[in-house]
Structures are given as structure tokens and as C-alpha cells.
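What's in upload10.cif: mmCIF, C-alpha atoms
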```cif
data_protein
#
loop_
_atom_site.group_PDB
_atom_site.id
_atom_site.type_symbol
_atom_site.label_atom_id
_atom_site.label_comp_id
_atom_site.auth_asym_id
_atom_site.auth_seq_id
_atom_site.Cartn_x
_atom_site.Cartn_y
_atom_site.Cartn_z
ATOM 1 C CA MET Q 165 -16.970 -20.986 -1.202
ATOM 2 C CA ILE Q 166 -14.931 -21.502 -4.373
ATOM 3 C CA PHE Q 167 -15.805 -20.144 -7.793
ATOM 4 C CA THR Q 168 -14.370 -20.703 -11.207
ATOM 5 C CA GLU Q 169 -13.765 -17.586 -13.297
ATOM 6 C CA SER Q 170 -16.999 -18.128 -15.282
ATOM 7 C CA ASP Q 171 -19.031 -18.760 -12.133
ATOM 8 C CA PHE Q 172 -17.694 -15.522 -10.711
ATOM 9 C CA TYR Q 173 -18.910 -13.407 -13.601
ATOM 10 C CA VAL Q 174 -22.393 -14.952 -13.364
ATOM 11 C CA LYS Q 175 -22.456 -14.144 -9.678
ATOM 12 C CA SER Q 176 -21.195 -10.599 -10.305
ATOM 13 C CA ALA Q 177 -24.032 -9.818 -12.701
ATOM 14 C CA LYS Q 178 -26.613 -10.448 -10.001
ATOM 15 C CA MET Q 179 -25.445 -8.026 -7.326
ATOM 16 C CA LYS Q 180 -23.469 -4.872 -6.767
ATOM 17 C CA PRO Q 181 -22.190 -4.332 -3.223
ATOM 18 C CA ARG Q 182 -20.738 -1.048 -2.003
ATOM 19 C CA PHE Q 183 -17.109 -2.263 -1.786
ATOM 20 C CA SER Q 184 -14.863 -4.834 -3.388
ATOM 21 C CA VAL Q 185 -12.258 -5.995 -0.855
ATOM 22 C CA VAL Q 186 -9.283 -7.506 -2.682
ATOM 23 C CA ILE Q 187 -6.898 -9.737 -0.739
ATOM 24 C CA PRO Q 188 -3.833 -10.903 -2.706
ATOM 25 C CA LEU Q 189 -2.753 -14.218 -1.221
ATOM 26 C CA PHE Q 190 0.625 -15.900 -1.486
ATOM 27 C CA ASN Q 191 1.931 -18.156 1.295
ATOM 28 C CA LYS Q 192 0.412 -16.381 4.305
ATOM 29 C CA GLU Q 193 -0.844 -19.411 6.220
ATOM 30 C CA GLN Q 194 0.080 -17.878 9.586
ATOM 31 C CA TYR Q 195 -1.907 -14.698 9.038
ATOM 32 C CA VAL Q 196 -4.645 -15.032 6.436
ATOM 33 C CA ALA Q 197 -7.392 -16.386 8.727
ATOM 34 C CA ASN Q 198 -7.025 -13.393 11.056
ATOM 35 C CA THR Q 199 -6.977 -11.022 8.084
ATOM 36 C CA ILE Q 200 -10.188 -12.458 6.635
ATOM 37 C CA GLN Q 201 -11.914 -12.444 10.014
ATOM 38 C CA SER Q 202 -11.111 -8.746 10.368
ATOM 39 C CA VAL Q 203 -13.028 -8.147 7.129
ATOM 40 C CA LEU Q 204 -15.987 -10.329 8.128
ATOM 41 C CA ALA Q 205 -16.136 -8.511 11.479
ATOM 42 C CA GLN Q 206 -16.690 -5.100 9.856
ATOM 43 C CA THR Q 207 -19.655 -3.163 11.184
ATOM 44 C CA PHE Q 208 -20.418 -2.223 7.571
ATOM 45 C CA GLY Q 209 -21.176 -5.462 5.770
ATOM 46 C CA ASP Q 210 -22.086 -4.468 2.213
ATOM 47 C CA PHE Q 211 -19.032 -5.812 0.394
ATOM 48 C CA GLU Q 212 -17.698 -8.622 -1.733
ATOM 49 C CA LEU Q 213 -14.457 -10.241 -0.584
ATOM 50 C CA LEU Q 214 -12.226 -11.315 -3.466
ATOM 51 C CA ILE Q 215 -9.354 -13.541 -2.393
ATOM 52 C CA ILE Q 216 -6.934 -13.849 -5.299
ATOM 53 C CA ASN Q 217 -4.713 -16.851 -4.601
ATOM 54 C CA ASP Q 218 -1.424 -16.219 -6.395
ATOM 55 C CA GLY Q 219 -0.305 -19.849 -6.631
ATOM 56 C CA SER Q 220 0.304 -20.366 -2.901
ATOM 57 C CA THR Q 221 2.411 -23.432 -2.082
ATOM 58 C CA ASP Q 222 1.722 -23.596 1.662
ATOM 59 C CA ASN Q 223 -1.616 -24.213 3.408
ATOM 60 C CA SER Q 224 -3.011 -20.724 2.757
ATOM 61 C CA LEU Q 225 -5.641 -21.863 0.253
ATOM 62 C CA GLU Q 226 -6.835 -24.723 2.457
ATOM 63 C CA ILE Q 227 -7.238 -22.341 5.390
ATOM 64 C CA VAL Q 228 -9.268 -19.928 3.263
ATOM 65 C CA LYS Q 229 -11.529 -22.731 2.018
ATOM 66 C CA GLN Q 230 -12.547 -23.476 5.603
ATOM 67 C CA ILE Q 231 -14.002 -19.997 6.084
ATOM 68 C CA SER Q 232 -17.623 -19.885 4.947
ATOM 69 C CA ASP Q 233 -19.362 -16.636 4.028
ATOM 70 C CA PRO Q 234 -21.471 -15.903 0.929
ATOM 71 C CA ARG Q 235 -19.538 -12.674 0.326
ATOM 72 C CA ILE Q 236 -16.271 -14.573 -0.214
ATOM 73 C CA SER Q 237 -15.038 -15.533 -3.676
ATOM 74 C CA ILE Q 238 -11.737 -17.361 -4.190
ATOM 75 C CA ILE Q 239 -9.965 -17.044 -7.508
ATOM 76 C CA THR Q 240 -6.747 -18.992 -8.082
ATOM 77 C CA GLN Q 241 -4.091 -18.096 -10.636
ATOM 78 C CA GLU Q 242 -0.539 -19.164 -11.377
ATOM 79 C CA ASN Q 243 2.031 -17.197 -9.429
ATOM 80 C CA LYS Q 244 2.420 -13.785 -11.085
ATOM 81 C CA GLY Q 245 3.364 -11.455 -8.242
ATOM 82 C CA VAL Q 246 1.448 -9.040 -6.042
ATOM 83 C CA SER Q 247 0.932 -6.355 -8.700
ATOM 84 C CA ALA Q 248 -0.681 -8.759 -11.175
ATOM 85 C CA THR Q 249 -2.744 -10.240 -8.336
ATOM 86 C CA ARG Q 250 -4.111 -6.875 -7.241
ATOM 87 C CA ASN Q 251 -4.770 -5.941 -10.852
ATOM 88 C CA HIS Q 252 -6.697 -9.168 -11.332
ATOM 89 C CA GLY Q 253 -8.830 -8.236 -8.338
ATOM 90 C CA ILE Q 254 -9.526 -4.838 -9.886
ATOM 91 C CA SER Q 255 -10.524 -6.401 -13.200
ATOM 92 C CA VAL Q 256 -13.063 -8.836 -11.710
ATOM 93 C CA SER Q 257 -14.474 -6.483 -9.071
ATOM 94 C CA ASN Q 258 -18.171 -5.759 -9.287
ATOM 95 C CA THR Q 259 -18.455 -2.461 -7.419
ATOM 96 C CA ASP Q 260 -17.716 1.240 -7.747
ATOM 97 C CA TYR Q 261 -15.249 1.277 -4.827
ATOM 98 C CA ILE Q 262 -12.199 -0.936 -4.390
ATOM 99 C CA THR Q 263 -10.055 -1.477 -1.333
ATOM 100 C CA PHE Q 264 -7.082 -3.762 -0.780
ATOM 101 C CA LEU Q 265 -5.937 -5.686 2.274
ATOM 102 C CA ASP Q 266 -2.669 -7.603 2.355
ATOM 103 C CA ALA Q 267 -3.065 -11.147 3.665
ATOM 104 C CA ASP Q 268 -0.936 -10.482 6.758
ATOM 105 C CA ASP Q 269 -2.581 -7.187 7.790
ATOM 106 C CA TYR Q 270 -5.953 -6.504 9.391
ATOM 107 C CA TRP Q 271 -8.621 -3.856 9.807
ATOM 108 C CA TYR Q 272 -10.305 -2.556 12.906
ATOM 109 C CA PRO Q 273 -14.083 -3.194 12.837
ATOM 110 C CA ASP Q 274 -15.041 0.343 11.783
ATOM 111 C CA PHE Q 275 -12.699 0.647 8.795
ATOM 112 C CA LEU Q 276 -15.337 0.230 6.089
ATOM 113 C CA SER Q 277 -18.043 2.160 7.951
ATOM 114 C CA THR Q 278 -15.689 5.114 8.463
ATOM 115 C CA LEU Q 279 -14.464 5.136 4.855
ATOM 116 C CA ASN Q 280 -18.061 4.820 3.655
ATOM 117 C CA SER Q 281 -18.942 7.923 5.665
ATOM 118 C CA LEU Q 282 -16.033 9.781 4.056
ATOM 119 C CA ILE Q 283 -17.312 8.837 0.609
ATOM 120 C CA ASP Q 284 -20.767 10.151 1.478
ATOM 121 C CA SER Q 285 -19.343 13.342 3.002
ATOM 122 C CA TYR Q 286 -17.017 14.130 0.080
ATOM 123 C CA PRO Q 287 -18.917 13.009 -3.041
ATOM 124 C CA SER Q 288 -16.660 14.887 -5.457
ATOM 125 C CA GLU Q 289 -13.501 13.058 -4.271
ATOM 126 C CA LYS Q 290 -12.287 9.634 -5.408
ATOM 127 C CA VAL Q 291 -9.427 8.626 -3.091
ATOM 128 C CA PHE Q 292 -9.928 7.996 0.627
ATOM 129 C CA SER Q 293 -7.524 6.715 3.271
ATOM 130 C CA ALA Q 294 -7.004 6.230 6.989
ATOM 131 C CA ALA Q 295 -4.070 6.224 9.394
ATOM 132 C CA ILE Q 296 -2.260 2.999 10.193
ATOM 133 C CA GLU Q 297 -0.105 1.482 12.871
ATOM 134 C CA ARG Q 298 2.705 -1.026 12.354
ATOM 135 C CA GLU Q 299 3.266 -4.123 14.440
ATOM 136 C CA PHE Q 300 6.929 -5.075 14.805
ATOM 137 C CA ARG Q 301 8.366 -7.970 16.773
ATOM 138 C CA HIS Q 302 8.441 -6.085 20.066
ATOM 139 C CA SER Q 303 6.301 -2.998 19.545
ATOM 140 C CA VAL Q 304 3.365 -1.326 17.811
ATOM 141 C CA VAL Q 305 4.113 2.093 16.336
ATOM 142 C CA ALA Q 306 1.611 4.590 14.952
ATOM 143 C CA ALA Q 307 2.543 6.146 11.622
ATOM 144 C CA LYS Q 308 3.259 9.885 11.577
ATOM 145 C CA TYR Q 309 2.069 12.119 8.762
ATOM 146 C CA SER Q 310 2.883 15.623 7.544
ATOM 147 C CA VAL Q 311 -0.700 16.865 7.750
ATOM 148 C CA ASN Q 312 -2.540 19.451 9.826
ATOM 149 C CA LEU Q 313 -2.924 17.775 13.216
ATOM 150 C CA GLU Q 314 -5.745 20.112 14.240
ATOM 151 C CA ASN Q 315 -8.213 18.452 11.879
ATOM 152 C CA GLU Q 316 -9.120 14.784 12.079
ATOM 153 C CA ILE Q 317 -10.177 14.785 8.415
ATOM 154 C CA VAL Q 318 -8.275 16.612 5.694
ATOM 155 C CA VAL Q 319 -8.608 16.833 1.919
ATOM 156 C CA THR Q 320 -4.969 17.057 1.010
ATOM 157 C CA ASP Q 321 -2.325 17.010 -1.662
ATOM 158 C CA TYR Q 322 -0.786 13.541 -1.558
ATOM 159 C CA PHE Q 323 2.834 14.672 -1.791
ATOM 160 C CA SER Q 324 2.786 17.373 0.903
ATOM 161 C CA ALA Q 325 0.921 15.017 3.258
ATOM 162 C CA SER Q 326 3.379 12.153 2.691
ATOM 163 C CA LEU Q 327 6.725 13.776 3.541
ATOM 164 C CA LYS Q 328 6.944 11.698 6.728
ATOM 165 C CA GLU Q 329 4.927 8.633 5.774
ATOM 166 C CA THR Q 330 2.628 7.979 2.857
ATOM 167 C CA VAL Q 331 -1.023 8.804 3.472
ATOM 168 C CA ILE Q 332 -2.063 6.110 0.992
ATOM 169 C CA CYS Q 333 -1.314 2.535 2.022
ATOM 170 C CA THR Q 334 -2.544 -0.577 0.250
ATOM 171 C CA SER Q 335 -4.271 -1.912 3.362
ATOM 172 C CA ALA Q 336 -5.885 1.348 4.457
ATOM 173 C CA ALA Q 337 -7.346 3.091 1.415
ATOM 174 C CA VAL Q 338 -10.454 3.063 -0.786
ATOM 175 C CA PHE Q 339 -10.500 4.085 -4.436
ATOM 176 C CA GLU Q 340 -13.320 4.830 -6.808
ATOM 177 C CA LYS Q 341 -12.836 2.243 -9.543
ATOM 178 C CA SER Q 342 -12.520 4.933 -12.217
ATOM 179 C CA VAL Q 343 -9.199 5.983 -10.624
ATOM 180 C CA PHE Q 344 -7.535 2.894 -12.074
ATOM 181 C CA SER Q 345 -8.851 3.651 -15.539
ATOM 182 C CA GLU Q 346 -7.477 7.192 -15.377
ATOM 183 C CA ALA Q 347 -4.235 6.801 -13.384
ATOM 184 C CA GLY Q 348 -3.466 3.206 -14.316
ATOM 185 C CA THR Q 349 -2.989 0.095 -12.199
ATOM 186 C CA PHE Q 350 -0.030 -1.503 -10.405
ATOM 187 C CA ASP Q 351 3.062 -1.807 -12.606
ATOM 188 C CA GLU Q 352 3.670 -5.541 -12.992
ATOM 189 C CA ASN Q 353 7.270 -4.964 -14.100
ATOM 190 C CA LEU Q 354 8.407 -3.555 -10.752
ATOM 191 C CA LYS Q 355 10.133 -5.882 -8.283
ATOM 192 C CA SER Q 356 9.080 -3.656 -5.387
ATOM 193 C CA GLY Q 357 7.829 -0.119 -4.924
ATOM 194 C CA GLU Q 358 4.816 -0.825 -7.140
ATOM 195 C CA ASP Q 359 2.570 0.855 -4.600
ATOM 196 C CA THR Q 360 4.670 4.047 -4.465
ATOM 197 C CA ASP Q 361 4.710 4.159 -8.261
ATOM 198 C CA LEU Q 362 0.906 4.034 -8.389
ATOM 199 C CA TRP Q 363 0.446 6.527 -5.548
ATOM 200 C CA ILE Q 364 2.574 9.047 -7.450
ATOM 201 C CA ARG Q 365 0.393 8.688 -10.539
ATOM 202 C CA ILE Q 366 -2.728 8.989 -8.412
ATOM 203 C CA GLY Q 367 -1.327 11.954 -6.483
ATOM 204 C CA LEU Q 368 -0.742 13.833 -9.712
ATOM 205 C CA GLN Q 369 -4.453 13.659 -10.516
ATOM 206 C CA TYR Q 370 -6.385 13.452 -7.247
ATOM 207 C CA LYS Q 371 -6.622 14.891 -3.766
ATOM 208 C CA VAL Q 372 -6.765 12.448 -0.860
ATOM 209 C CA VAL Q 373 -9.481 12.490 1.789
ATOM 210 C CA PHE Q 374 -7.482 11.373 4.826
ATOM 211 C CA ILE Q 375 -8.750 10.608 8.326
ATOM 212 C CA GLN Q 376 -6.211 10.669 11.127
ATOM 213 C CA LYS Q 377 -7.792 7.750 12.920
ATOM 214 C CA ILE Q 378 -5.934 4.440 13.063
ATOM 215 C CA LEU Q 379 -8.146 1.897 11.329
ATOM 216 C CA ALA Q 380 -5.633 -0.680 10.070
ATOM 217 C CA ARG Q 381 -2.611 -2.530 11.382
ATOM 218 C CA TYR Q 382 0.345 -3.539 9.217
ATOM 219 C CA ILE Q 383 2.181 -6.651 10.380
ATOM 220 C CA LEU Q 384 5.907 -6.351 9.737
ATOM 221 C CA THR Q 385 7.384 -9.836 9.317
ATOM 222 C CA ALA Q 386 11.067 -10.780 9.265
ATOM 223 C CA LYS Q 387 10.928 -10.831 5.460
ATOM 224 C CA SER Q 388 9.383 -7.375 5.200
ATOM 225 C CA LEU Q 389 11.983 -5.994 7.610
ATOM 226 C CA SER Q 390 14.893 -7.407 5.632
ATOM 227 C CA GLY Q 391 14.751 -4.708 2.927
ATOM 228 C CA THR Q 392 16.991 -6.643 0.542
ATOM 229 C CA THR Q 393 15.085 -5.940 -2.698
ATOM 230 C CA ILE Q 394 15.813 -2.607 -4.349
ATOM 231 C CA SER Q 395 12.941 -1.201 -6.363
ATOM 232 C CA ASN Q 396 13.491 -0.545 -10.052
ATOM 233 C CA ILE Q 397 10.936 2.276 -9.931
ATOM 234 C CA ASP Q 398 11.756 5.111 -12.346
ATOM 235 C CA LEU Q 399 11.439 8.348 -10.388
ATOM 236 C CA ASP Q 400 13.219 10.419 -13.010
ATOM 237 C CA LYS Q 401 10.309 10.199 -15.441
ATOM 238 C CA TYR Q 402 8.662 12.879 -13.283
ATOM 239 C CA ARG Q 403 11.540 15.374 -13.492
ATOM 240 C CA ASP Q 404 9.625 17.747 -15.764
ATOM 241 C CA ARG Q 405 6.588 17.606 -13.493
ATOM 242 C CA GLU Q 406 8.562 18.269 -10.311
ATOM 243 C CA LYS Q 407 10.069 21.486 -11.713
ATOM 244 C CA ASN Q 408 6.701 23.159 -11.169
ATOM 245 C CA ASN Q 409 5.562 21.087 -8.204
ATOM 246 C CA PRO Q 410 7.743 21.619 -5.099
ATOM 247 C CA ASN Q 411 5.746 19.113 -3.028
ATOM 248 C CA LEU Q 412 6.316 16.426 -5.649
ATOM 249 C CA SER Q 413 10.013 17.328 -5.783
ATOM 250 C CA LYS Q 414 10.429 16.949 -2.001
ATOM 251 C CA PHE Q 415 8.535 13.661 -2.034
ATOM 252 C CA LEU Q 416 10.667 12.248 -4.858
ATOM 253 C CA ASP Q 417 13.886 13.385 -3.197
ATOM 254 C CA LEU Q 418 12.954 11.544 -0.002
ATOM 255 C CA ASN Q 419 12.306 8.402 -2.031
ATOM 256 C CA ARG Q 420 15.592 8.833 -3.911
ATOM 257 C CA TYR Q 421 17.300 9.199 -0.527
ATOM 258 C CA SER Q 422 15.790 5.929 0.756
ATOM 259 C CA LEU Q 423 16.731 4.085 -2.426
ATOM 260 C CA ALA Q 424 20.259 5.505 -2.298
ATOM 261 C CA ILE Q 425 20.700 4.285 1.286
ATOM 262 C CA GLN Q 426 19.414 0.808 0.397
ATOM 263 C CA SER Q 427 21.715 0.677 -2.632
ATOM 264 C CA LYS Q 428 24.775 1.623 -0.600
ATOM 265 C CA VAL Q 429 23.973 -0.956 2.083
ATOM 266 C CA ASN Q 430 23.554 -3.635 -0.589
ATOM 267 C CA GLY Q 431 26.864 -2.708 -2.209
ATOM 268 C CA GLU Q 432 25.244 -1.399 -5.410
ATOM 269 C CA SER Q 433 27.503 1.597 -5.885
ATOM 270 C CA GLU Q 434 26.294 2.522 -9.359
ATOM 271 C CA ARG Q 435 22.655 2.610 -8.262
ATOM 272 C CA TYR Q 436 23.677 4.644 -5.203
ATOM 273 C CA ARG Q 437 25.294 7.246 -7.456
ATOM 274 C CA GLN Q 438 22.281 7.256 -9.760
ATOM 275 C CA PHE Q 439 19.794 7.950 -6.970
ATOM 276 C CA SER Q 440 21.957 10.365 -4.957
ATOM 277 C CA LYS Q 441 23.033 12.563 -7.892
ATOM 278 C CA ASN Q 442 19.414 13.377 -8.759
ATOM 279 C CA ILE Q 443 18.471 14.584 -5.281
ATOM 280 C CA SER Q 444 17.731 18.301 -5.365
ATOM 281 C CA SER Q 445 17.353 19.018 -1.650
ATOM 282 C CA LEU Q 446 17.425 17.197 1.667
ATOM 283 C CA PRO Q 447 17.385 18.148 5.364
ATOM 284 C CA ILE Q 448 20.921 18.478 6.689
ATOM 285 C CA LYS Q 449 20.622 15.346 8.869
ATOM 286 C CA LYS Q 450 19.737 13.203 5.868
ATOM 287 C CA LYS Q 451 22.593 14.730 3.852
ATOM 288 C CA ILE Q 452 25.009 13.585 6.561
ATOM 289 C CA VAL Q 453 23.512 10.085 6.722
ATOM 290 C CA LEU Q 454 23.718 9.780 2.943
ATOM 291 C CA LYS Q 455 27.507 10.267 3.107
ATOM 292 C CA LEU Q 456 28.126 7.675 5.845
ATOM 293 C CA PRO Q 457 30.105 4.534 4.949
ATOM 294 C CA ALA Q 458 28.075 1.406 4.247
ATOM 295 C CA PHE Q 459 29.287 -0.431 7.374
ATOM 296 C CA ILE Q 460 28.017 2.368 9.634
ATOM 297 C CA LEU Q 461 24.666 2.420 7.837
ATOM 298 C CA LYS Q 462 24.352 -1.343 8.310
ATOM 299 C CA LEU Q 463 25.082 -0.958 12.027
ATOM 300 C CA LEU Q 464 22.516 1.837 12.428
ATOM 301 C CA ILE Q 465 19.866 -0.177 10.577
ATOM 302 C CA LYS Q 466 20.575 -3.252 12.696
ATOM 303 C CA LEU Q 467 20.290 -1.255 15.922
ATOM 304 C CA GLN Q 468 17.014 0.257 14.791
ATOM 305 C CA LYS Q 469 15.548 -3.151 13.878
ATOM 306 C CA ASN Q 470 16.610 -4.601 17.228
ATOM 307 C CA ARG Q 471 14.720 -1.822 19.021
ATOM 308 C CA LEU Q 472 11.568 -2.706 17.083
#
```
Please express the file's structure as C-alpha cells.
Amino acid sequence: MIFTESDFYVKSAKMKPRFSVVIPLFNKEQYVANTIQSVLAQTFGDFELLIINDGSTDNSLEIVKQISDPRISIITQENKGVSATRNHGISVSNTDYITFLDADDYWYPDFLSTLNSLIDSYPSEKVFSAAIEREFRHSVVAAKYSVNLENEIVVTDYFSASLKETVICTSAAVFEKSVFSEAGTFDENLKSGEDTDLWIRIGLQYKVVFIQKILARYILTAKSLSGTTISNIDLDKYRDREKNNPNLSKFLDLNRYSLAIQSKVNGESERYRQFSKNISSLPIKKKIVLKLPAFILKLLIKLQKNRL
């Protein structure tokens, strides 16, 4: 079912589902049908599915048009990038809770029902997320988090819980819509790292209700594994805040470390110096890796990717 922008607003005024599911779509013809089917197969069905087509040039849009369900709305825009596409989904959503799903990822059938139960169980909280697993070419690997493993559900500080892997991922989290009014939306000026930038702003204001149950799978494609784009995220704007927030400081240092490594591998020596000089503390192993020559880092990264 295809709607114009005006048709969509008329439709929105007539109903208010529990969730808005926003799928940003750009050239994902190999994956998008499976992604959409994973949403339609949810055991909790009270949602609207907003597919924001970001000017796809392959057959993605035609594939989506063939899937019929009254909960689906397709909105097409000129290509603006994933941040603008997600933000568009936020702006036209017609619910109190928003969740995103990238067009090459998928949910397990109880994702929405589980997150809905978390919302009901923790009515004073506004950010909810679940564990993920990642599918590589040759393996599927569960993410590991720095949270208390004794409890399946934790209400946690974002930064302390994300020192291994982030506990908020775009394809495995639900947000009360007011979060985006208070913390802001995705920064459309960032080339990459727009999700990390938003999670930091959210983490400074909200706790995260996190369930250590794998409810989503991230599909890592050859493009996503390449890691050639260096984010222009500004981590130093939080330097005053991290002075009094050790968890934030550790989290930012780990991100500076990752950006420094990527910069060195890409031959961007000035950016490497910029990121590495602002690191306050790192585990000794990471300090050693940070000093390795670029050719050794490239070899280590290649070996790791081959194993995956």
C-alpha cells in the first residue's frame, strides 16, 4: 500500500497504534523482504510500519510494493542519508513509542511483545533495548555487554553498560517519542557514527531498561565490514561532562580509541593524533595496539575479518 504525504496524515489522524516501526530503505533489495516479514510475523501486532524509501535506485521499492498489509505505509523521498530518513520517520510517526529496524536486519517474533512488557513493567522509564547477535559471512556471534549477568533485565546507566558493546542499537531498541524532543534526533551532518552521537545524548538524560535476551539479528554485509568511513563525530564537546562522570569518560575513551585505530589504518595521521591525544585512560592491551604500525593493524584486521 502506497501513500502520499497528505494521505498519510489523514490516515494517522484516525488511529494510534502502540508502536511506530521505522525502516529506512536505501538499496537493500536482497534483504528488505525478509526484514519486513520479520516485523509482520511479530506476536504483538499493534503497530504501524513506516518504510521511508530514501531514493533507492535498485529494486527495493518494487519489492516493498508487493507486500500487502494495512499497517504498512511507504513514504518516498529524495536521497538524504540514513539520519534524515530516520528523522523523517520520527516526524510522521503516529504513536507514543518509536522503534527502528535497518532494512537488512530482522527481529525474532517476540521482539515487540517483550519490549511492550518492559514498557508496562517500568512505566517511569523511556528507553528500552534488547540484546542482539551479528551475522557475519561464516558465523553468528552474540554481542557481549558490561552489565550484571545475574539479572536478565537491568535498569542501567548507558555508559557503564556499553563498555564492551553498546546496549542501545538502532534495530533493537524502543524509545518513548518524547525522548527525541528532549535529547534531539539523529545528526544529519555526520557521515557515520550518527547513532553513537544520539546514544550519548540519550545516555546523559535517561537510564536504559535492557533485557539480556537476543531478540534481533544484525546482518553484517561486505560494505558494513569495510570500515572505510571515519566518523566526524565530535566527542570532545563532552569533555566538561566527563570530568564528573567516570563512566562517560571510559565510554568516550573507547570510542576515541576505535576512531584513532581507523584513522591510522586509513593513513589519516592528523586525525589519529587528534583522537589519541585526548584519551585519558585505556587498558594496557589497547594502549599497545594503539602504538602498532599501520601495516600490522591492517594485517590484524584482515585476519579477524577472515575468521568471521
In file coordinates, which residues lie within 10 Å of (5.7, -4.3, -10.8) using all atoms listed in the file, given as number ranges by chain? Q: 245-248, 349-359, 361-362, 395-397
Please provide the set of residues having any atom within 7 Å of range 413-430 of chain Q, restricted to only C-alpha atoms, with same-chain residues fewer than 2 positions apart removed, written as a list in words.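 With the cut-off at 7 Å, the set is Phe323, Leu327, Ile394, Leu399, Glu406, Asn409, Pro410, Asn411, Glu432, Ser433, Arg435, Tyr436, Phe439, Ser440, Ile443, Ser444, Ser445, Leu454, Ala458, Leu461 and Lys462 of chain Q.
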Check which residues satisfy the PyMOL selection byres ((chain Q and resi 374) around 7) in the file shown, then give them as a ChimeraX atom specification. /Q:292-294,317-319,372-373,375-376
Box centre and edge lengths (Å, one decimal), axis-aligned, range 300-319 of chain Q plus 8 Å each side, as AutoDock Vina command-line options:
```
--center_x -0.9 --center_y 6.1 --center_z 11.0 --size_x 34.6 --size_y 44.1 --size_z 34.1
```
Please evaluate the PyMOL selection byres ((chain Q and resi 339-342) around 8) against the structure above and give the resulting residues as number ranges by chain. Q: 254, 259-263, 290-292, 337-338, 343-346
Just give me the gap between CA of Asn223 in chain Q and CA of Phe190 in chain Q in Å, one decimal is fine.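 Interatomic distance here is 9.9 Å.
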Counting all atoms listed in the file, select every polymer residue within 7 Å of (-7.4, -9.7, -2.8) as defined in the file's coordinates, and provide the selection as JSON, numbers by chain. {"Q": [185, 186, 187, 188, 189, 214, 215, 216, 250, 253, 264, 265]}
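With CA of Asp233 in chain Q on one side and CA of Leu204 in chain Q on the other, the separation reads 8.2 Å.
Minimum distance to Ser324 in chain Q across Q:Ile460, Q:Ala295, Q:Leu412, Q:Leu276 (counting all atoms listed in the file) occurs at Q:Leu412.
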One residue among Q:Ile465, Q:Ala205, Q:Ile383, Q:Ala306 is nearest to Phe275 in chain Q when using all atoms listed in the file, and that residue is Q:Ala205
